[in-house]
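Okay, so here's the structure we're looking at.
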Amino acid sequence: MRDFVLRGDSVKIGGRYSAADLVCAFRNSSKGEFSLRLSVIGCGYVGLVTGACFAEAGHEVVCTDIDSERIAKLNAGGVPIYEEHLDRILGSARKAGRISYTADAGEAIRAGDAIFICVGTPPKDSGEADLSAIDHVARQIATEARTSKLVVEKSTVPARTGLELKRALAAYSGKGSPKFRVASNPEFLREGTAVGDFFHPDRIVVGVEDSSSAAELQEIYRPILEKSFHCPVHNGACPPAHRVEFLVTTINSAELIKHASNSFLALKISYANVIADLCEKIGANVEEVTHAMGLDDRIGGQFLKAGLGYGGFCFPKDVQAFIHLSASVGVDFDMLKATERVNRQRIDRFFEKIRQALWVVKGKHVAVLGLAFKANTDDIRFAPALEVVKRLLAEGAVVHASDPEAMTRAKTLFPQVHYHEDPYTALRGADAALVCTEWDSFRKLDWDRAGELMARKLVIDGRNIYAPQTMREKGFEYYSFGRS
Ligand code: UDX
């Protein structure tokens, strides 16, 4: 039996709480440690990282996914995605018996006191988020649960989804069914650094309807708030960090916080990209401009890197969904439409540079360096590199590609591309090298060696990872964004 104790004032929605504001005692009585049973539905990037990190933090986690092959792979000790540190913490959590996987959603649902919904919410053609997976999970929870549960949406969803989720849980529940409380707990994990982001967040946002949900979520995050975990990223030697803010809001606000944050970051990137275009016309350097801008604390230096623009499964779909949501309530979010337009035009701008440099693209051997939407991930969803490859193929180029992690995924989309583990073999005989992802291994390429291998010493850098002067000194014709 678990106790639940609140000390001090009752929880107010819309406030800020330190870990000391609440004392919650969900105690694992045998060990005297804090441990909760959590279910995670959906074993994609968000679900697996969330499940693994909660288990690493000491909770007991049961994960499920509609894809039984994925579950079989996880049960066999495999990791279906590439994310730094994930394989290690999944391995240790498994060894400690704190994480398990089942293809039986009912079993997973019954196992947890709190259920984290981490299923996909892909965009429909209209840009609206497709919430059918959330609806499906709501039905499963309502029919399979035998005890009351805290149902937490972690998938990125438009505002007011929580209210719909609550309605769906009630609608699918039979007479005498257990009670469900709903909460929103948006994730702010970046692919590639997701494990570190989980353990060292800037803020933890929980959107709730009642104080007990806030307290339960605070308990779940207690190891993070109190920094009582053993950090798998820094091996116990974490850099000094500011205090984590635990923000309790309404469900609508929590949902909006996620979309508003991602859309703002996307807007910042597009802003930097327009500045880059301006720099090219005027004869200025985008890096000098954005560096100086970023030194103003009110602006901040992050997400001002110009180049091929944003991709991935979050920004493009979140911006679209936010535009759609705004329009549905009569608010025209024009500046987000411009954000999208600028981002789409990055590929056009890249091709202007390619055509200007290569003149005729047809029949040219082009080495594409990078396929993932950003470095340190194997994720190619909405990757700008894919659009580049698609257009190169359409124009008749012979494409040789290299990426440290994303080639397996790309092969199924573009079987006609020649793939190379070693970037130097992709560059052998190339008429041009196109940099599409800012992998560290590409930053460190030996361009003297590459220059010897290439048919023409031409580099078109979509991520501004090289110094123009150095490349020119090495005898390269070099093009990048916003650095005339
Ligand atoms: C993002 C959010 O950062 C994260 O908080 C959220 O939970 C999920 O979405 P992610 O999609 O993993 O994370 O990638 P992020 O590192 O934010 O980069 C997004 C895209 O923007 C990448 O394609 C990246 O190359 C591009 N980008 C980023 C730029 O073009 N310029 C920049 O200055 C920064």
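Ordering of the structure tokens sets the chain letters (A, B, ...); residue numbers start at 1 within each chain; ligands are numbered from 1 in the order shown.
Restricting the atom set to only C-alpha atoms and all ligand atoms, one finds that the residues within 6 Å of ligand 1 amount to A:Glu187, A:Phe188, A:Leu189, A:Arg190, A:Glu191, A:Asn262, A:Ile269, A:Gln302, A:Phe303, A:Leu304, A:Lys305, A:Ala306, A:Gly307, A:Gly309, A:Tyr310, A:Gly311, A:Gly312, A:Cys314, A:Phe315, A:Phe373, A:Lys374.
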Selection from above, N, CA, C and O atoms, as a CSV table (one decimal), in the first residue's frame, can you write it?
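What follows is the written file selection.csv:
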chain,number,residue,atom,x,y,z
A,187,GLU,N,7.4,17.0,-23.6
A,187,GLU,CA,8.9,16.7,-23.5
A,187,GLU,C,9.6,17.8,-24.4
A,187,GLU,O,9.1,18.2,-25.3
A,188,PHE,N,10.8,18.1,-23.9
A,188,PHE,CA,11.6,19.1,-24.6
A,188,PHE,C,13.0,18.4,-25.0
A,188,PHE,O,14.0,19.1,-25.1
A,189,LEU,N,12.9,17.1,-25.3
A,189,LEU,CA,14.2,16.4,-25.6
A,189,LEU,C,14.6,16.6,-27.0
A,189,LEU,O,13.8,16.5,-27.9
A,190,ARG,N,15.9,16.9,-27.2
A,190,ARG,CA,16.4,17.0,-28.5
A,190,ARG,C,17.0,15.7,-28.9
A,190,ARG,O,17.7,15.0,-28.1
A,191,GLU,N,16.7,15.2,-30.1
A,191,GLU,CA,17.4,14.0,-30.6
A,191,GLU,C,18.9,14.2,-30.6
A,191,GLU,O,19.4,15.3,-30.9
A,262,ASN,N,8.6,25.2,-29.5
A,262,ASN,CA,9.2,24.7,-30.7
A,262,ASN,C,9.0,25.7,-31.9
A,262,ASN,O,9.9,25.8,-32.7
A,269,ILE,N,15.3,30.2,-36.3
A,269,ILE,CA,16.1,29.6,-37.3
A,269,ILE,C,15.8,30.3,-38.6
A,269,ILE,O,16.7,30.7,-39.4
A,302,GLN,N,21.5,30.8,-29.2
A,302,GLN,CA,21.2,29.5,-29.8
A,302,GLN,C,20.1,29.6,-30.9
A,302,GLN,O,19.3,30.5,-30.9
A,303,PHE,N,20.1,28.6,-31.8
A,303,PHE,CA,19.1,28.5,-32.9
A,303,PHE,C,19.2,29.7,-33.8
A,303,PHE,O,18.2,30.1,-34.3
A,304,LEU,N,20.4,30.2,-34.0
A,304,LEU,CA,20.6,31.3,-35.0
A,304,LEU,C,21.5,30.8,-36.0
A,304,LEU,O,22.2,31.6,-36.7
A,305,LYS,N,21.7,29.5,-36.2
A,305,LYS,CA,22.6,29.0,-37.2
A,305,LYS,C,22.0,28.9,-38.5
A,305,LYS,O,20.9,28.3,-38.7
A,306,ALA,N,22.5,29.7,-39.5
A,306,ALA,CA,22.0,29.7,-40.8
A,306,ALA,C,22.4,28.4,-41.6
A,306,ALA,O,23.4,27.8,-41.3
A,307,GLY,N,21.6,28.1,-42.6
A,307,GLY,CA,22.0,27.0,-43.5
A,307,GLY,C,20.8,26.4,-44.2
A,307,GLY,O,19.9,27.1,-44.7
A,309,GLY,N,18.3,24.9,-43.0
A,309,GLY,CA,17.1,25.0,-42.3
A,309,GLY,C,16.8,23.8,-41.4
A,309,GLY,O,17.5,22.9,-41.4
A,310,TYR,N,15.6,23.9,-40.8
A,310,TYR,CA,15.3,22.8,-39.8
A,310,TYR,C,14.5,21.7,-40.5
A,310,TYR,O,13.9,21.8,-41.5
A,311,GLY,N,14.7,20.5,-39.9
A,311,GLY,CA,14.0,19.3,-40.3
A,311,GLY,C,13.6,18.5,-39.1
A,311,GLY,O,13.5,19.0,-38.0
A,312,GLY,N,13.5,17.2,-39.2
A,312,GLY,CA,13.2,16.3,-38.1
A,312,GLY,C,11.7,16.2,-37.9
A,312,GLY,O,10.9,16.8,-38.6
A,314,CYS,N,9.9,17.0,-35.3
A,314,CYS,CA,9.2,17.9,-34.4
A,314,CYS,C,8.9,19.3,-35.1
A,314,CYS,O,7.8,19.6,-35.2
A,315,PHE,N,10.0,20.0,-35.4
A,315,PHE,CA,9.7,21.4,-35.9
A,315,PHE,C,8.8,21.5,-37.0
A,315,PHE,O,7.8,22.2,-37.0
A,373,PHE,N,18.7,14.5,-40.2
A,373,PHE,CA,18.2,15.9,-40.2
A,373,PHE,C,19.1,16.8,-39.4
A,373,PHE,O,19.0,18.0,-39.5
A,374,LYS,N,19.9,16.2,-38.5
A,374,LYS,CA,20.9,16.9,-37.8
A,374,LYS,C,22.0,15.9,-37.3
A,374,LYS,O,21.8,14.7,-37.5
(request) Mind listing the helix (DSSP H, G or I) residues of segment 290-480 of chain A, per DSSP on the backbone, as a ChimeraX atom specification? (result) /A:290-294,315-328,334-358,384-394,407-413,423-427,440-443,447-453,468-473
Can those selected residues be exported to a file as a JSON list (two decimals), in the first residue's frame so that it contains C-alpha atoms?
[["chain", "number", "residue", "atom", "x", "y", "z"],
["A", 290, "THR", "CA", 24.14, 36.40, -35.26],
["A", 291, "HIS", "CA", 27.03, 36.12, -32.80],
["A", 292, "ALA", "CA", 26.64, 39.76, -31.84],
["A", 293, "MET", "CA", 22.86, 39.42, -31.71],
["A", 294, "GLY", "CA", 23.12, 36.41, -29.43],
["A", 315, "PHE", "CA", 9.74, 21.38, -35.86],
["A", 316, "PRO", "CA", 8.10, 20.91, -39.29],
["A", 317, "LYS", "CA", 5.04, 19.16, -37.90],
["A", 318, "ASP", "CA", 4.75, 21.30, -34.78],
["A", 319, "VAL", "CA", 4.85, 24.55, -36.77],
["A", 320, "GLN", "CA", 2.22, 23.17, -39.14],
["A", 321, "ALA", "CA", 0.01, 21.96, -36.32],
["A", 322, "PHE", "CA", 0.34, 25.28, -34.49],
["A", 323, "ILE", "CA", -0.68, 27.22, -37.60],
["A", 324, "HIS", "CA", -3.62, 24.87, -38.01],
["A", 325, "LEU", "CA", -4.68, 25.09, -34.38],
["A", 326, "SER", "CA", -4.46, 28.90, -34.44],
["A", 327, "ALA", "CA", -6.54, 29.10, -37.61],
["A", 328, "SER", "CA", -9.14, 26.76, -36.11],
["A", 334, "ASP", "CA", 1.04, 34.68, -40.17],
["A", 335, "MET", "CA", 4.62, 34.80, -38.95],
["A", 336, "LEU", "CA", 4.67, 31.03, -38.62],
["A", 337, "LYS", "CA", 3.54, 30.71, -42.23],
["A", 338, "ALA", "CA", 6.53, 32.89, -43.15],
["A", 339, "THR", "CA", 8.75, 30.67, -40.96],
["A", 340, "GLU", "CA", 7.66, 27.64, -42.97],
["A", 341, "ARG", "CA", 8.04, 29.41, -46.29],
["A", 342, "VAL", "CA", 11.57, 30.57, -45.48],
["A", 343, "ASN", "CA", 12.48, 27.06, -44.39],
["A", 344, "ARG", "CA", 11.16, 25.49, -47.62],
["A", 345, "GLN", "CA", 13.09, 28.06, -49.64],
["A", 346, "ARG", "CA", 16.40, 26.97, -48.10],
["A", 347, "ILE", "CA", 16.51, 24.04, -50.49],
["A", 348, "ASP", "CA", 15.85, 26.40, -53.45],
["A", 349, "ARG", "CA", 18.66, 28.66, -52.25],
["A", 350, "PHE", "CA", 20.96, 25.63, -51.95],
["A", 351, "PHE", "CA", 20.13, 24.59, -55.47],
["A", 352, "GLU", "CA", 20.81, 28.09, -56.77],
["A", 353, "LYS", "CA", 24.31, 27.70, -55.33],
["A", 354, "ILE", "CA", 24.67, 24.18, -56.78],
["A", 355, "ARG", "CA", 23.59, 25.33, -60.24],
["A", 356, "GLN", "CA", 25.71, 28.44, -60.11],
["A", 357, "ALA", "CA", 28.76, 26.33, -59.25],
["A", 358, "LEU", "CA", 28.13, 23.19, -61.32],
["A", 384, "PRO", "CA", 16.56, 18.69, -45.65],
["A", 385, "ALA", "CA", 19.19, 16.28, -47.07],
["A", 386, "LEU", "CA", 16.43, 14.01, -48.40],
["A", 387, "GLU", "CA", 14.92, 16.85, -50.39],
["A", 388, "VAL", "CA", 18.39, 17.68, -51.73],
["A", 389, "VAL", "CA", 18.94, 14.05, -52.79],
["A", 390, "LYS", "CA", 15.47, 13.85, -54.35],
["A", 391, "ARG", "CA", 16.12, 16.93, -56.47],
["A", 392, "LEU", "CA", 19.63, 15.83, -57.45],
["A", 393, "LEU", "CA", 18.25, 12.50, -58.66],
["A", 394, "ALA", "CA", 15.42, 14.23, -60.50],
["A", 407, "MET", "CA", 22.32, 5.30, -44.35],
["A", 408, "THR", "CA", 20.30, 2.20, -43.49],
["A", 409, "ARG", "CA", 17.14, 4.27, -43.26],
["A", 410, "ALA", "CA", 17.94, 6.25, -46.41],
["A", 411, "LYS", "CA", 18.61, 3.11, -48.48],
["A", 412, "THR", "CA", 14.97, 2.10, -48.45],
["A", 413, "LEU", "CA", 13.92, 5.55, -49.73],
["A", 423, "PRO", "CA", 33.14, 9.67, -46.74],
["A", 424, "TYR", "CA", 36.40, 9.65, -48.68],
["A", 425, "THR", "CA", 35.09, 6.92, -51.00],
["A", 426, "ALA", "CA", 31.96, 9.01, -51.59],
["A", 427, "LEU", "CA", 34.25, 11.91, -52.51],
["A", 440, "ASP", "CA", 31.62, 16.18, -36.24],
["A", 441, "SER", "CA", 33.35, 13.59, -38.42],
["A", 442, "PHE", "CA", 32.68, 15.85, -41.44],
["A", 443, "ARG", "CA", 34.07, 18.86, -39.61],
["A", 447, "TRP", "CA", 40.25, 18.26, -47.22],
["A", 448, "ASP", "CA", 43.81, 18.07, -48.56],
["A", 449, "ARG", "CA", 43.26, 14.32, -48.88],
["A", 450, "ALA", "CA", 39.70, 14.76, -50.18],
["A", 451, "GLY", "CA", 40.90, 17.32, -52.73],
["A", 452, "GLU", "CA", 43.31, 14.75, -54.16],
["A", 453, "LEU", "CA", 40.42, 12.30, -54.59],
["A", 468, "PRO", "CA", 35.66, 29.90, -46.06],
["A", 469, "GLN", "CA", 39.20, 31.24, -45.99],
["A", 470, "THR", "CA", 40.73, 27.88, -44.99],
["A", 471, "MET", "CA", 38.85, 26.10, -47.75],
["A", 472, "ARG", "CA", 39.98, 28.65, -50.31],
["A", 473, "GLU", "CA", 43.55, 28.39, -49.09]]
(request) Figure out the distance between atom CA of Glu69 of chain A and atom CA of Gly47 of chain A, please, to one decimal in Å. (result)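 Going from atom CA of Gly47 of chain A over to atom CA of Glu69 of chain A, I get 15.9 Å.
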